[in-house]
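**Student:** To be precise about what I am sending: the file is called input-v8.txt and holds compact mmCIF, C-alpha atoms.
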# COMPACT_ATOMS: atom_id res chain seq x y z
CA MET A 1 -165.27 -57.74 -147.60
CA ASN A 2 -164.18 -56.01 -144.40
CA ILE A 3 -167.20 -54.22 -142.97
CA PHE A 4 -166.65 -51.42 -140.46
CA THR A 5 -169.31 -49.65 -138.45
CA ILE A 6 -169.83 -47.93 -135.11
CA ASP A 7 -171.37 -48.98 -131.83
CA VAL A 8 -174.80 -47.37 -132.05
CA PRO A 9 -178.14 -49.23 -131.75
CA LEU A 10 -179.11 -49.01 -135.44
CA CYS A 11 -175.70 -50.27 -136.64
CA LYS A 12 -175.53 -52.97 -133.89
CA ASP A 13 -178.88 -54.41 -135.02
CA PHE A 14 -177.74 -54.39 -138.65
CA GLY A 15 -174.41 -55.92 -137.63
CA ARG A 16 -176.18 -58.88 -136.02
CA ILE A 17 -178.01 -59.55 -139.29
CA LEU A 18 -174.71 -59.44 -141.19
CA LYS A 19 -173.06 -61.86 -138.76
CA LYS A 20 -175.89 -64.32 -139.31
CA MET A 21 -175.01 -64.08 -143.00
CA ASN A 22 -171.37 -64.98 -142.07
CA LYS A 23 -170.14 -61.46 -142.76
CA LYS A 24 -167.26 -60.12 -140.70
CA VAL A 25 -168.18 -56.85 -138.98
CA THR A 26 -165.76 -54.67 -136.99
CA PHE A 27 -167.15 -52.09 -134.60
CA LEU A 28 -164.86 -49.08 -134.32
CA GLU A 29 -164.74 -47.23 -131.03
CA ASP A 30 -162.18 -44.61 -132.10
CA PRO A 31 -162.12 -44.50 -135.96
CA LEU A 32 -159.35 -41.91 -136.26
CA ASN A 33 -156.94 -43.99 -134.19
CA GLN A 34 -158.02 -47.26 -135.82
CA SER A 35 -157.53 -46.16 -139.44
CA HIS A 36 -154.54 -48.53 -139.68
CA LEU A 37 -157.08 -51.32 -140.08
CA PHE A 38 -157.92 -50.18 -143.60
CA LYS A 39 -155.16 -47.88 -144.77
CA ASN A 40 -153.47 -50.32 -147.19
CA SER A 41 -154.60 -50.32 -150.81
CA THR A 42 -155.69 -53.98 -150.65
CA ASP A 43 -157.67 -53.24 -147.48
CA LEU A 44 -159.36 -50.29 -149.12
CA LEU A 45 -160.37 -52.55 -151.99
CA LYS A 46 -162.17 -54.88 -149.57
CA SER A 47 -163.60 -52.27 -147.19
CA LEU A 48 -167.10 -50.97 -146.61
CA PHE A 49 -168.41 -48.53 -144.01
CA ILE A 50 -171.92 -48.75 -142.59
CA LEU A 51 -173.32 -45.59 -141.02
CA PRO A 52 -176.65 -44.20 -139.98
CA LEU A 53 -178.11 -42.05 -142.73
CA HIS A 54 -178.92 -39.33 -140.24
CA ILE A 55 -175.50 -38.76 -138.73
CA SER A 56 -175.44 -36.98 -135.39
CA LYS A 57 -173.06 -34.02 -135.46
CA ASP A 58 -172.57 -34.57 -131.73
CA SER A 59 -171.21 -38.07 -132.31
CA GLY A 60 -167.46 -38.02 -132.83
CA GLN A 61 -167.53 -41.66 -133.97
CA GLN A 62 -170.03 -40.99 -136.74
CA THR A 63 -168.42 -37.82 -138.06
CA SER A 64 -164.91 -39.37 -137.86
CA LEU A 65 -165.93 -42.45 -139.82
CA PHE A 66 -167.71 -40.29 -142.38
CA ALA A 67 -164.58 -38.17 -142.81
CA LEU A 68 -162.36 -41.25 -143.12
CA ALA A 69 -164.63 -42.71 -145.78
CA GLU A 70 -164.37 -39.48 -147.76
CA SER A 71 -160.58 -39.20 -147.41
CA HIS A 72 -159.91 -42.86 -148.33
CA GLU A 73 -162.76 -43.04 -150.88
CA ILE A 74 -164.30 -46.07 -149.16
CA PRO A 75 -167.93 -46.82 -150.16
CA ILE A 76 -170.61 -46.26 -147.54
CA LEU A 77 -173.88 -48.05 -146.96
CA PHE A 78 -176.22 -45.67 -145.12
CA ILE A 79 -178.98 -47.39 -143.17
CA TYR A 80 -182.14 -45.85 -141.80
CA LYS A 81 -185.52 -46.73 -140.34
CA ARG A 82 -188.38 -45.75 -142.56
CA THR A 83 -190.69 -43.37 -140.70
CA SER A 84 -193.26 -40.79 -141.61
CA GLY A 85 -191.95 -37.26 -141.91
CA MET A 86 -188.31 -38.25 -142.41
CA GLU A 87 -185.80 -35.42 -142.32
CA THR A 88 -183.26 -34.71 -145.03
CA PRO A 89 -179.82 -36.07 -144.10
CA PRO A 90 -177.50 -33.29 -142.91
CA ALA A 91 -174.67 -34.37 -145.23
CA LEU A 92 -173.91 -36.90 -147.95
CA PRO A 93 -170.51 -37.87 -149.41
CA GLU A 94 -169.05 -35.92 -152.31
CA LYS A 95 -165.84 -37.91 -152.91
CA THR A 96 -166.93 -41.51 -152.45
CA PHE A 97 -169.79 -43.70 -153.61
CA TYR A 98 -172.68 -44.57 -151.32
CA GLU A 99 -175.95 -46.49 -151.19
CA THR A 100 -178.92 -46.24 -148.82
CA MET A 101 -181.05 -49.01 -147.33
CA ALA A 102 -184.08 -49.05 -145.09
CA VAL A 103 -183.87 -51.47 -142.16
CA PRO A 104 -184.85 -53.99 -141.21
CA ALA A 105 -184.18 -55.64 -144.57
CA ASP A 106 -184.20 -59.25 -145.72
CA SER A 107 -180.97 -61.07 -146.46
CA ALA A 108 -181.53 -61.14 -150.25
CA GLU A 109 -181.77 -57.35 -150.44
CA ILE A 110 -178.69 -56.99 -148.24
CA ARG A 111 -176.67 -59.35 -150.45
CA ILE A 112 -177.64 -57.34 -153.54
CA LYS A 113 -176.59 -54.07 -151.88
CA LEU A 114 -173.29 -55.53 -150.67
CA LYS A 115 -172.50 -57.00 -154.08
CA SER A 116 -173.31 -53.67 -155.74
CA LEU A 117 -171.00 -51.80 -153.36
CA ARG A 118 -168.32 -54.47 -153.81
CA ASN A 119 -168.41 -53.92 -157.58
CA ILE A 120 -168.32 -50.17 -157.12
CA SER A 121 -165.36 -50.56 -154.75
CA LEU A 122 -163.49 -52.60 -157.38
CA GLN A 123 -164.18 -49.97 -160.05
CA LEU A 124 -163.07 -47.14 -157.76
CA PHE A 125 -159.91 -49.03 -156.84
CA SER A 126 -159.12 -49.83 -160.47
CA ALA A 127 -159.61 -46.19 -161.50
CA LYS A 128 -157.43 -45.04 -158.61
CA MET A 129 -154.66 -47.49 -159.51
CA LYS A 130 -154.80 -46.42 -163.15
CA GLY A 131 -154.58 -42.80 -162.08
CA GLN A 132 -151.55 -43.56 -159.89
CA GLU A 133 -149.98 -45.57 -162.72
CA LEU A 134 -150.48 -42.70 -165.14
CA GLU A 135 -148.99 -40.31 -162.60
CA MET A 136 -145.95 -42.57 -162.21
CA ILE A 137 -145.56 -42.74 -166.00
CA HIS A 138 -145.84 -38.95 -166.17
CA GLN A 139 -143.21 -38.52 -163.44
CA LYS A 140 -140.83 -40.96 -165.14
CA SER A 141 -141.37 -39.24 -168.50
CA ALA A 142 -140.79 -35.82 -166.96
CA ARG A 143 -137.57 -37.07 -165.34
CA SER A 144 -136.41 -38.61 -168.63
CA LEU A 145 -137.17 -35.37 -170.46
CA ARG A 146 -135.20 -33.35 -167.89
CA ILE A 147 -132.21 -35.66 -168.32
CA ALA A 148 -132.51 -35.50 -172.12
CA LYS A 149 -132.75 -31.71 -171.96
CA GLY A 150 -129.61 -31.62 -169.86
CA ILE A 151 -127.82 -33.75 -172.43
CA GLN A 152 -128.93 -31.42 -175.21
CA LEU A 153 -127.82 -28.33 -173.32
CA SER A 154 -124.44 -29.90 -172.52
CA GLY A 155 -123.89 -30.26 -176.27
CA LEU A 156 -124.09 -26.52 -176.91
CA PRO A 157 -120.72 -24.92 -177.68
CA LEU A 158 -118.91 -22.60 -175.30
CA SER A 159 -118.73 -18.91 -176.15
CA ILE A 160 -115.64 -17.60 -177.91
CA ASN A 161 -114.07 -14.22 -177.16
CA ASN A 162 -110.59 -13.44 -178.45
CA GLU A 163 -108.78 -10.83 -180.52
CA ASP A 164 -110.27 -12.20 -183.76
CA ILE A 165 -113.85 -13.08 -182.97
CA GLU A 166 -116.56 -13.04 -180.32
CA VAL A 167 -119.54 -15.40 -180.60
CA LYS A 168 -122.35 -16.43 -178.28
CA GLY A 169 -125.55 -18.43 -178.72
CA LEU A 170 -129.02 -18.77 -177.27
CA SER A 171 -131.31 -21.79 -177.36
CA GLN A 172 -134.98 -21.49 -176.39
CA PRO A 173 -136.89 -24.78 -176.88
CA SER A 174 -140.66 -24.58 -177.35
CA SER A 175 -140.96 -27.64 -175.08
CA GLU A 176 -138.60 -29.72 -172.96
CA LEU A 177 -136.59 -30.89 -175.96
CA SER A 178 -135.41 -28.96 -178.98
CA GLY A 179 -135.12 -29.90 -182.64
CA ASP A 180 -132.99 -26.86 -183.46
CA LEU A 181 -129.27 -26.77 -182.76
CA PHE A 182 -126.11 -24.81 -183.42
CA TYR A 183 -122.40 -25.45 -183.18
CA TRP A 184 -119.15 -23.63 -183.79
CA THR A 185 -115.50 -24.43 -183.37
CA GLU A 186 -112.05 -23.36 -184.49
CA VAL A 187 -111.29 -25.73 -187.38
CA ASP A 188 -107.83 -24.38 -188.15
CA ASP A 189 -105.57 -21.56 -187.04
CA ARG A 190 -107.88 -18.50 -186.84
CA ILE A 191 -110.50 -20.21 -189.03
CA TYR A 192 -113.91 -20.92 -187.47
CA GLY A 193 -116.75 -23.11 -188.64
CA PHE A 194 -120.42 -22.36 -187.83
CA ILE A 195 -123.54 -24.42 -188.34
CA MET A 196 -127.17 -23.88 -187.37
CA ILE A 197 -129.87 -26.45 -188.12
CA ASP A 198 -133.66 -26.32 -187.85
CA VAL A 199 -135.40 -29.70 -187.82
CA PHE A 200 -138.93 -29.42 -189.20
CA GLU A 201 -141.85 -29.78 -186.75
CA LYS A 202 -141.69 -30.58 -183.04
CA GLY A 203 -141.66 -33.74 -180.97
CA ILE A 204 -139.51 -36.61 -179.79
CA HIS A 205 -138.48 -37.44 -183.37
CA THR A 206 -137.00 -33.96 -183.84
CA ALA A 207 -134.95 -34.34 -180.66
CA LEU A 208 -133.65 -37.70 -181.90
CA ILE A 209 -132.71 -36.16 -185.25
CA ASN A 210 -131.06 -33.30 -183.34
CA MET A 211 -128.86 -35.70 -181.38
CA SER A 212 -128.02 -37.79 -184.47
CA ILE A 213 -126.81 -34.67 -186.26
CA ARG A 214 -125.08 -33.30 -183.18
CA THR A 215 -122.87 -36.36 -182.82
CA LEU A 216 -121.60 -35.95 -186.41
CA ILE A 217 -121.06 -32.18 -186.53
CA PRO A 218 -117.75 -31.79 -184.61
CA ASP A 219 -115.93 -34.20 -186.92
CA LEU A 220 -117.83 -33.10 -190.04
CA ILE A 221 -117.17 -29.39 -189.65
CA LYS A 222 -113.43 -29.96 -189.06
CA ARG A 223 -112.95 -32.64 -191.70
CA VAL A 224 -114.95 -31.29 -194.64
CA LYS A 225 -114.39 -27.53 -194.27
CA ASP A 226 -116.74 -26.70 -197.14
CA PRO A 227 -120.38 -25.52 -196.72
CA ILE A 228 -121.52 -27.21 -199.94
CA PHE A 229 -120.18 -30.64 -199.02
CA ILE A 230 -121.50 -30.34 -195.45
CA THR A 231 -124.95 -29.57 -196.87
CA LYS A 232 -124.74 -32.71 -199.00
CA GLU A 233 -123.61 -34.74 -195.99
CA LEU A 234 -126.62 -33.52 -194.02
CA ASP A 235 -128.91 -34.50 -196.89
CA LYS A 236 -127.35 -37.95 -196.92
CA LEU A 237 -127.77 -38.30 -193.16
CA MET A 238 -131.47 -37.48 -193.41
CA ARG A 239 -131.95 -40.03 -196.20
CA ASP A 240 -130.16 -42.65 -194.13
CA LEU A 241 -132.21 -41.88 -191.00
CA PHE A 242 -135.48 -42.29 -192.87
CA GLN A 243 -134.44 -45.12 -195.15
CA GLY A 244 -137.26 -47.63 -195.25
CA ALA A 245 -139.75 -45.18 -193.70
CA ASN A 246 -143.18 -44.87 -195.27
CA ARG A 247 -144.17 -41.84 -197.31
CA GLU A 248 -145.95 -40.16 -194.40
CA ASN A 249 -142.91 -40.40 -192.13
CA LYS A 250 -140.59 -39.21 -194.88
CA ASN A 251 -142.50 -35.93 -194.87
CA HIS A 252 -140.89 -35.31 -191.46
CA ALA A 253 -137.37 -35.84 -192.81
CA ARG A 254 -136.58 -32.23 -193.57
CA ILE A 255 -134.10 -29.78 -192.18
CA THR A 256 -132.89 -26.29 -192.98
CA ALA A 257 -129.38 -25.14 -192.20
CA PHE A 258 -126.86 -22.32 -192.29
CA ILE A 259 -123.22 -23.37 -192.70
CA ALA A 260 -120.36 -20.87 -192.70
CA TYR A 261 -116.60 -20.64 -192.35
CA VAL A 262 -114.93 -17.45 -191.15
CA ASN A 263 -111.26 -16.93 -191.94
CA THR A 264 -110.21 -14.21 -189.51
CA LYS A 265 -106.68 -14.02 -190.98
CA ASP A 266 -107.96 -12.94 -194.41
CA ARG A 267 -111.31 -11.57 -193.12
CA LEU A 268 -113.14 -13.93 -195.46
CA ILE A 269 -116.58 -15.55 -195.06
CA GLU A 270 -117.97 -18.42 -197.11
CA TYR A 271 -121.47 -19.72 -196.44
CA VAL A 272 -124.47 -21.66 -197.68
CA ASN A 273 -127.95 -20.78 -196.44
CA TYR A 274 -129.91 -23.99 -196.88
CA GLY A 275 -133.41 -22.64 -196.27
CA LEU A 276 -133.03 -20.78 -192.98
CA PRO A 277 -134.25 -17.17 -192.67
CA SER A 278 -131.76 -14.60 -193.87
CA ALA A 279 -128.84 -14.08 -191.51
CA PHE A 280 -127.60 -10.48 -191.19
CA LEU A 281 -124.14 -8.96 -191.14
CA TYR A 282 -123.66 -5.31 -190.19
CA SER A 283 -120.65 -3.43 -191.60
CA PRO A 284 -119.77 -0.47 -189.34
CA CYS A 285 -117.61 1.34 -191.92
CA THR A 286 -120.43 1.57 -194.46
CA ASN A 287 -123.29 1.35 -191.92
CA GLN A 288 -124.93 -1.24 -194.17
CA ILE A 289 -126.65 -4.58 -193.58
CA LEU A 290 -125.81 -7.57 -195.72
CA ASN A 291 -128.49 -10.26 -196.10
CA LEU A 292 -126.96 -13.73 -195.97
CA ASN A 293 -129.78 -15.60 -197.66
CA GLU A 294 -128.27 -17.35 -200.68
CA GLY A 295 -127.57 -21.04 -201.02
CA ALA A 296 -130.35 -23.52 -201.77
CA THR A 297 -133.94 -24.39 -200.93
CA PRO A 298 -134.25 -27.72 -199.11
CA LYS A 299 -136.51 -30.31 -200.69
CA GLY A 300 -136.52 -32.97 -198.02
CA LEU A 301 -135.03 -36.19 -199.26
CA ILE A 302 -134.67 -35.21 -202.94
CA PRO A 303 -130.97 -35.60 -203.88
CA GLU A 304 -128.76 -33.55 -206.19
CA LEU A 305 -130.09 -30.13 -205.23
CA PRO A 306 -128.28 -27.13 -206.74
CA ILE A 307 -126.32 -25.53 -203.91
CA LYS A 308 -124.65 -22.15 -204.14
CA LYS A 309 -121.79 -21.05 -201.92
CA ILE A 310 -121.22 -17.34 -201.31
CA VAL A 311 -117.74 -15.99 -200.54
CA PHE A 312 -117.02 -12.39 -199.51
CA GLN A 313 -114.74 -10.26 -197.35
CA TYR A 314 -115.94 -8.51 -194.22
CA GLU A 315 -114.90 -5.28 -192.57
CA PRO A 316 -113.28 -5.23 -189.11
CA GLY A 317 -115.88 -4.71 -186.38
CA SER A 318 -118.66 -6.39 -188.39
CA ARG A 319 -121.45 -7.89 -186.33
CA PHE A 320 -123.75 -10.75 -187.31
CA ILE A 321 -126.80 -12.77 -186.25
CA ILE A 322 -128.00 -16.16 -187.45
CA TYR A 323 -131.33 -17.58 -186.28
CA THR A 324 -133.96 -20.26 -186.88
CA ASP A 325 -137.48 -19.43 -188.01
CA GLY A 326 -138.92 -19.75 -184.50
CA LEU A 327 -137.65 -16.18 -184.05
CA SER A 328 -139.01 -14.84 -187.32
CA LYS A 329 -142.31 -16.68 -187.80
CA THR A 330 -145.39 -16.67 -185.61
CA ALA A 331 -147.97 -19.38 -185.09
CA LEU A 332 -151.01 -19.99 -187.23
CA PRO A 333 -153.47 -18.56 -188.10
CA SER A 334 -151.53 -15.30 -188.46
CA ALA A 335 -148.20 -16.94 -189.49
CA ILE A 336 -146.48 -13.56 -189.77
CA ASP A 337 -142.91 -13.41 -191.09
CA ARG A 338 -140.95 -11.03 -188.83
CA SER A 339 -137.67 -11.13 -190.80
CA ASP A 340 -137.85 -7.44 -191.73
CA HIS A 341 -138.67 -6.59 -188.11
CA ILE A 342 -135.67 -8.59 -186.91
CA GLU A 343 -133.43 -6.73 -189.35
CA ARG A 344 -134.61 -3.38 -187.94
CA GLU A 345 -134.15 -4.61 -184.37
CA PHE A 346 -130.64 -5.75 -185.19
CA ILE A 347 -129.74 -2.33 -186.58
CA GLU A 348 -131.31 -0.53 -183.62
CA ASN A 349 -129.50 -2.72 -181.07
CA VAL A 350 -126.22 -3.35 -182.87
CA HIS A 351 -124.43 -1.22 -180.26
CA LEU A 352 -125.38 -3.63 -177.44
CA ASP A 353 -122.95 -6.23 -176.19
CA THR A 354 -123.57 -9.68 -177.64
CA GLN A 355 -125.41 -11.18 -174.65
CA ASP A 356 -127.76 -8.19 -174.37
CA LEU A 357 -128.38 -8.31 -178.12
CA LEU A 358 -129.41 -11.98 -177.90
CA GLN A 359 -131.76 -11.26 -175.01
CA GLU A 360 -133.32 -8.25 -176.75
CA LEU A 361 -134.08 -10.31 -179.87
CA LEU A 362 -135.68 -13.07 -177.80
CA VAL A 363 -137.70 -10.73 -175.57
CA SER A 364 -139.02 -8.88 -178.62
CA ARG A 365 -140.26 -12.18 -180.04
CA MET A 366 -141.89 -13.07 -176.70
CA ARG A 367 -143.68 -9.70 -176.64
CA HIS A 368 -145.08 -10.29 -180.10
CA SER A 369 -146.98 -13.56 -179.50
CA VAL A 370 -146.83 -16.98 -177.87
CA ILE A 371 -143.74 -18.94 -178.89
CA ASN A 372 -144.69 -22.32 -180.35
CA ASP A 373 -141.44 -23.22 -182.11
CA ASP A 374 -137.84 -23.75 -181.07
CA ILE A 375 -135.60 -20.69 -181.28
CA CYS A 376 -131.84 -20.65 -181.78
CA ILE A 377 -129.79 -17.47 -182.23
CA ILE A 378 -126.09 -16.95 -182.79
CA ALA A 379 -124.66 -13.46 -182.48
CA GLY A 380 -121.11 -12.18 -182.60
CA THR A 381 -118.49 -9.67 -183.66
CA LEU A 382 -115.66 -10.08 -186.19
CA PHE A 383 -112.69 -7.92 -185.18
In structure tokens, what does this structure look like?
**Tutor:**
Amino acid sequence: MNIFTIDVPLCKDFGRILKKMNKKVTFLEDPLNQSHLFKNSTDLLKSLFILPLHISKDSGQQTSLFALAESHEIPILFIYKRTSGMETPPALPEKTFYETMAVPADSAEIRIKLKSLRNISLQLFSAKMKGQELEMIHQKSARSLRIAKGIQLSGLPLSINNEDIEVKGLSQPSSELSGDLFYWTEVDDRIYGFIMIDVFEKGIHTALINMSIRTLIPDLIKRVKDPIFITKELDKLMRDLFQGANRENKNHARITAFIAYVNTKDRLIEYVNYGLPSAFLYSPCTNQILNLNEGATPKGLIPELPIKKIVFQYEPGSRFIIYTDGLSKTALPSAIDRSDHIEREFIENVHLDTQDLLQELLVSRMRHSVINDDICIIAGTLF
């Protein structure tokens, strides 16, 4: 153990005793400028400061060494001469461990004190290293999450705005990574495919499911071109992902989805709502709202579910929104369903441009209560 002290009579006398015990003692004349002697982590592990219990505020050496011990969390052994009418020490450490010892003391008592402080020093060092290790793990995890979030965001589709259709989306994860996702693309001349998926629960597993689905969607939505068969493909994917999983983990293998194709040449929409909240379509000619809520109720990994596809024509100028239940449902214990409220908000703000409409829907949800679930919204106009 590296023992550091200062050149004052009490510490010099104690230092001579330590040297007789073959202990190495370093007397510091200018502690602030000599801190390099014990600044390394391995040095801190082996270091001990010895100071008078009654530190003189007028002594720069004493106050400097005291401050260094606090800043580096080096244990201190305070020594004092037992006298009648002893005064209370002016200050004691708050950040590092310390012991006190009356001097003179016999060598056996000194060895016990030094061993005790040595053990305390090891424990302090171990706790500090664990804290630094945890901080490094946290920093690496945060960096990985930022990269993963960037990858997720890069997978979101670009807005469309042409003479047939305008569509924009908004993704608001409840944490760094999202389980919800959406995608759209032109699958044929003036025919567009849309898909929105809500992965149940939150966590790393939902983000992994998100990315597994996301890699398949571009090909799937162009190749299949039928909401019913895409729904079945998604069911199959979930069964494959959780094949061999235990019953508890299979409870997490659930998604809801909205799949639609819009034929802007014939002004025709076909869709399946596979358990998402009702999407809304506003018809300006009739000033009516159409609830797009038919399709099927997801049952996790149970195959052969009855799935219903809805086909209808839309009026020019129709506007629509599709969203996940993070927008419509609030957290427990209230667990309020805001679907009716969202419908009213959509009607009240249907005159806004698409970006402002998306923001208004999100801000309204934020005003209501804390968001604890991912939110995805698609909004657009069919010309």
**Student:** Please, what distance in Å, to one decimal, runs between atom CA of Leu208 of chain A and atom CA of Lys232 of chain A?
**Tutor:**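 One can read the atom CA of Leu208 of chain A to atom CA of Lys232 of chain A distance as 19.9 Å.
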**Student:** Please, what distance in Å, to one decimal, runs between atom CA of Glu186 of chain A and atom CA of Leu153 of chain A?
**Tutor:** 20.0 Å
**Student:** Looking at A:Glu176, A:Gly203, A:Thr5, A:Gly169, which one is nearest to Ile147 of chain A, with distances taken over only C-alpha atoms?
**Tutor:**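 Closest to Ile147 of chain A of all the choices is A:Glu176.
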**Student:** When you draw a straight line from atom CA of Ala69 of chain A to atom CA of Asp30 of chain A, how long is it in Å?
**Tutor:**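 Interatomic distance here is 14.0 Å.
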**Student:** Considering all atoms listed in the file, can you say which of A:Ala279, A:Ile371, A:Leu327, A:Leu358 comes closest to Lys168 of chain A?
**Tutor:** A:Leu358
**Student:** Fewer than 6 positions away in the same chain doesn't count, so skip those; otherwise give me all residues within 10 Å of Ile204 of chain A, counting only C-alpha atoms, as an MDAnalysis selection string.
**Tutor:** chainID A and resid 145 176:179 210
**Student:** Excluding segment 118-133 of chain A and its own-chain neighbours fewer than 2 positions away, which residues fall within 10 Å of it when counting all atoms listed in the file? Please give them as a list in words.
**Tutor:**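 Near segment 118-133 of chain A, the qualifying residues are Met1, Ser41, Thr42, Leu44, Leu45, Lys46, Ser47, Leu48, Glu73, Ile74, Pro75, Ile76, Thr96, Phe97, Tyr98, Ile112, Lys113, Leu114, Lys115, Ser116, Glu135, Met136, Ile137, His138 and Gln139 of chain A.
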**Student:** When you look at Ile221 of chain A with a cut-off of 12 Å (counting only C-alpha atoms), what residues show up, excluding the ones that are within fewer than 4 positions of it in the same chain? I need them as a PyMOL selection string.
**Tutor:** chain A and resi 182-188+191-196+213-217+225-231+233-234+259-261
**Student:** Save segment 147-161 of chain A to disk from that block, N, CA and C atoms included, as a PDB file, in the first residue's frame.
**Tutor:**
ATOM      1  N   ILE A 147     -28.212   3.947 -33.533  1.00  0.00           N
ATOM      2  CA  ILE A 147     -27.957   3.413 -34.878  1.00  0.00           C
ATOM      3  C   ILE A 147     -29.167   2.631 -35.362  1.00  0.00           C
ATOM      4  N   ALA A 148     -29.717   1.772 -34.468  1.00  0.00           N
ATOM      5  CA  ALA A 148     -30.886   0.972 -34.843  1.00  0.00           C
ATOM      6  C   ALA A 148     -32.081   1.860 -35.175  1.00  0.00           C
ATOM      7  N   LYS A 149     -32.239   2.952 -34.400  1.00  0.00           N
ATOM      8  CA  LYS A 149     -33.333   3.879 -34.682  1.00  0.00           C
ATOM      9  C   LYS A 149     -33.155   4.529 -36.047  1.00  0.00           C
ATOM     10  N   GLY A 150     -31.904   4.874 -36.360  1.00  0.00           N
ATOM     11  CA  GLY A 150     -31.634   5.457 -37.671  1.00  0.00           C
ATOM     12  C   GLY A 150     -31.962   4.496 -38.802  1.00  0.00           C
ATOM     13  N   ILE A 151     -31.659   3.216 -38.579  1.00  0.00           N
ATOM     14  CA  ILE A 151     -31.981   2.203 -39.583  1.00  0.00           C
ATOM     15  C   ILE A 151     -33.492   2.091 -39.763  1.00  0.00           C
ATOM     16  N   GLN A 152     -34.213   2.092 -38.633  1.00  0.00           N
ATOM     17  CA  GLN A 152     -35.674   2.026 -38.718  1.00  0.00           C
ATOM     18  C   GLN A 152     -36.241   3.231 -39.466  1.00  0.00           C
ATOM     19  N   LEU A 153     -35.764   4.417 -39.123  1.00  0.00           N
ATOM     20  CA  LEU A 153     -36.283   5.623 -39.768  1.00  0.00           C
ATOM     21  C   LEU A 153     -35.958   5.646 -41.264  1.00  0.00           C
ATOM     22  N   SER A 154     -34.786   5.109 -41.625  1.00  0.00           N
ATOM     23  CA  SER A 154     -34.415   5.091 -43.042  1.00  0.00           C
ATOM     24  C   SER A 154     -35.315   4.164 -43.848  1.00  0.00           C
ATOM     25  N   GLY A 155     -36.006   3.245 -43.152  1.00  0.00           N
ATOM     26  CA  GLY A 155     -36.903   2.324 -43.839  1.00  0.00           C
ATOM     27  C   GLY A 155     -38.294   2.876 -44.081  1.00  0.00           C
ATOM     28  N   LEU A 156     -38.582   4.071 -43.544  1.00  0.00           N
ATOM     29  CA  LEU A 156     -39.900   4.662 -43.765  1.00  0.00           C
ATOM     30  C   LEU A 156     -40.014   5.160 -45.210  1.00  0.00           C
ATOM     31  N   PRO A 157     -41.183   5.030 -45.819  1.00  0.00           N
ATOM     32  CA  PRO A 157     -41.325   5.426 -47.224  1.00  0.00           C
ATOM     33  C   PRO A 157     -41.339   6.942 -47.394  1.00  0.00           C
ATOM     34  N   LEU A 158     -40.953   7.380 -48.577  1.00  0.00           N
ATOM     35  CA  LEU A 158     -41.009   8.799 -48.909  1.00  0.00           C
ATOM     36  C   LEU A 158     -42.448   9.207 -49.218  1.00  0.00           C
ATOM     37  N   SER A 159     -42.763  10.455 -48.931  1.00  0.00           N
ATOM     38  CA  SER A 159     -44.099  10.966 -49.228  1.00  0.00           C
ATOM     39  C   SER A 159     -44.365  10.914 -50.730  1.00  0.00           C
ATOM     40  N   ILE A 160     -45.648  10.809 -51.068  1.00  0.00           N
ATOM     41  CA  ILE A 160     -46.081  10.843 -52.467  1.00  0.00           C
ATOM     42  C   ILE A 160     -46.998  12.036 -52.654  1.00  0.00           C
ATOM     43  N   ASN A 161     -46.809  12.761 -53.738  1.00  0.00           N
ATOM     44  CA  ASN A 161     -47.692  13.892 -54.052  1.00  0.00           C
ATOM     45  C   ASN A 161     -47.716  14.064 -55.570  1.00  0.00           C
TER      46      ASN A 161
END
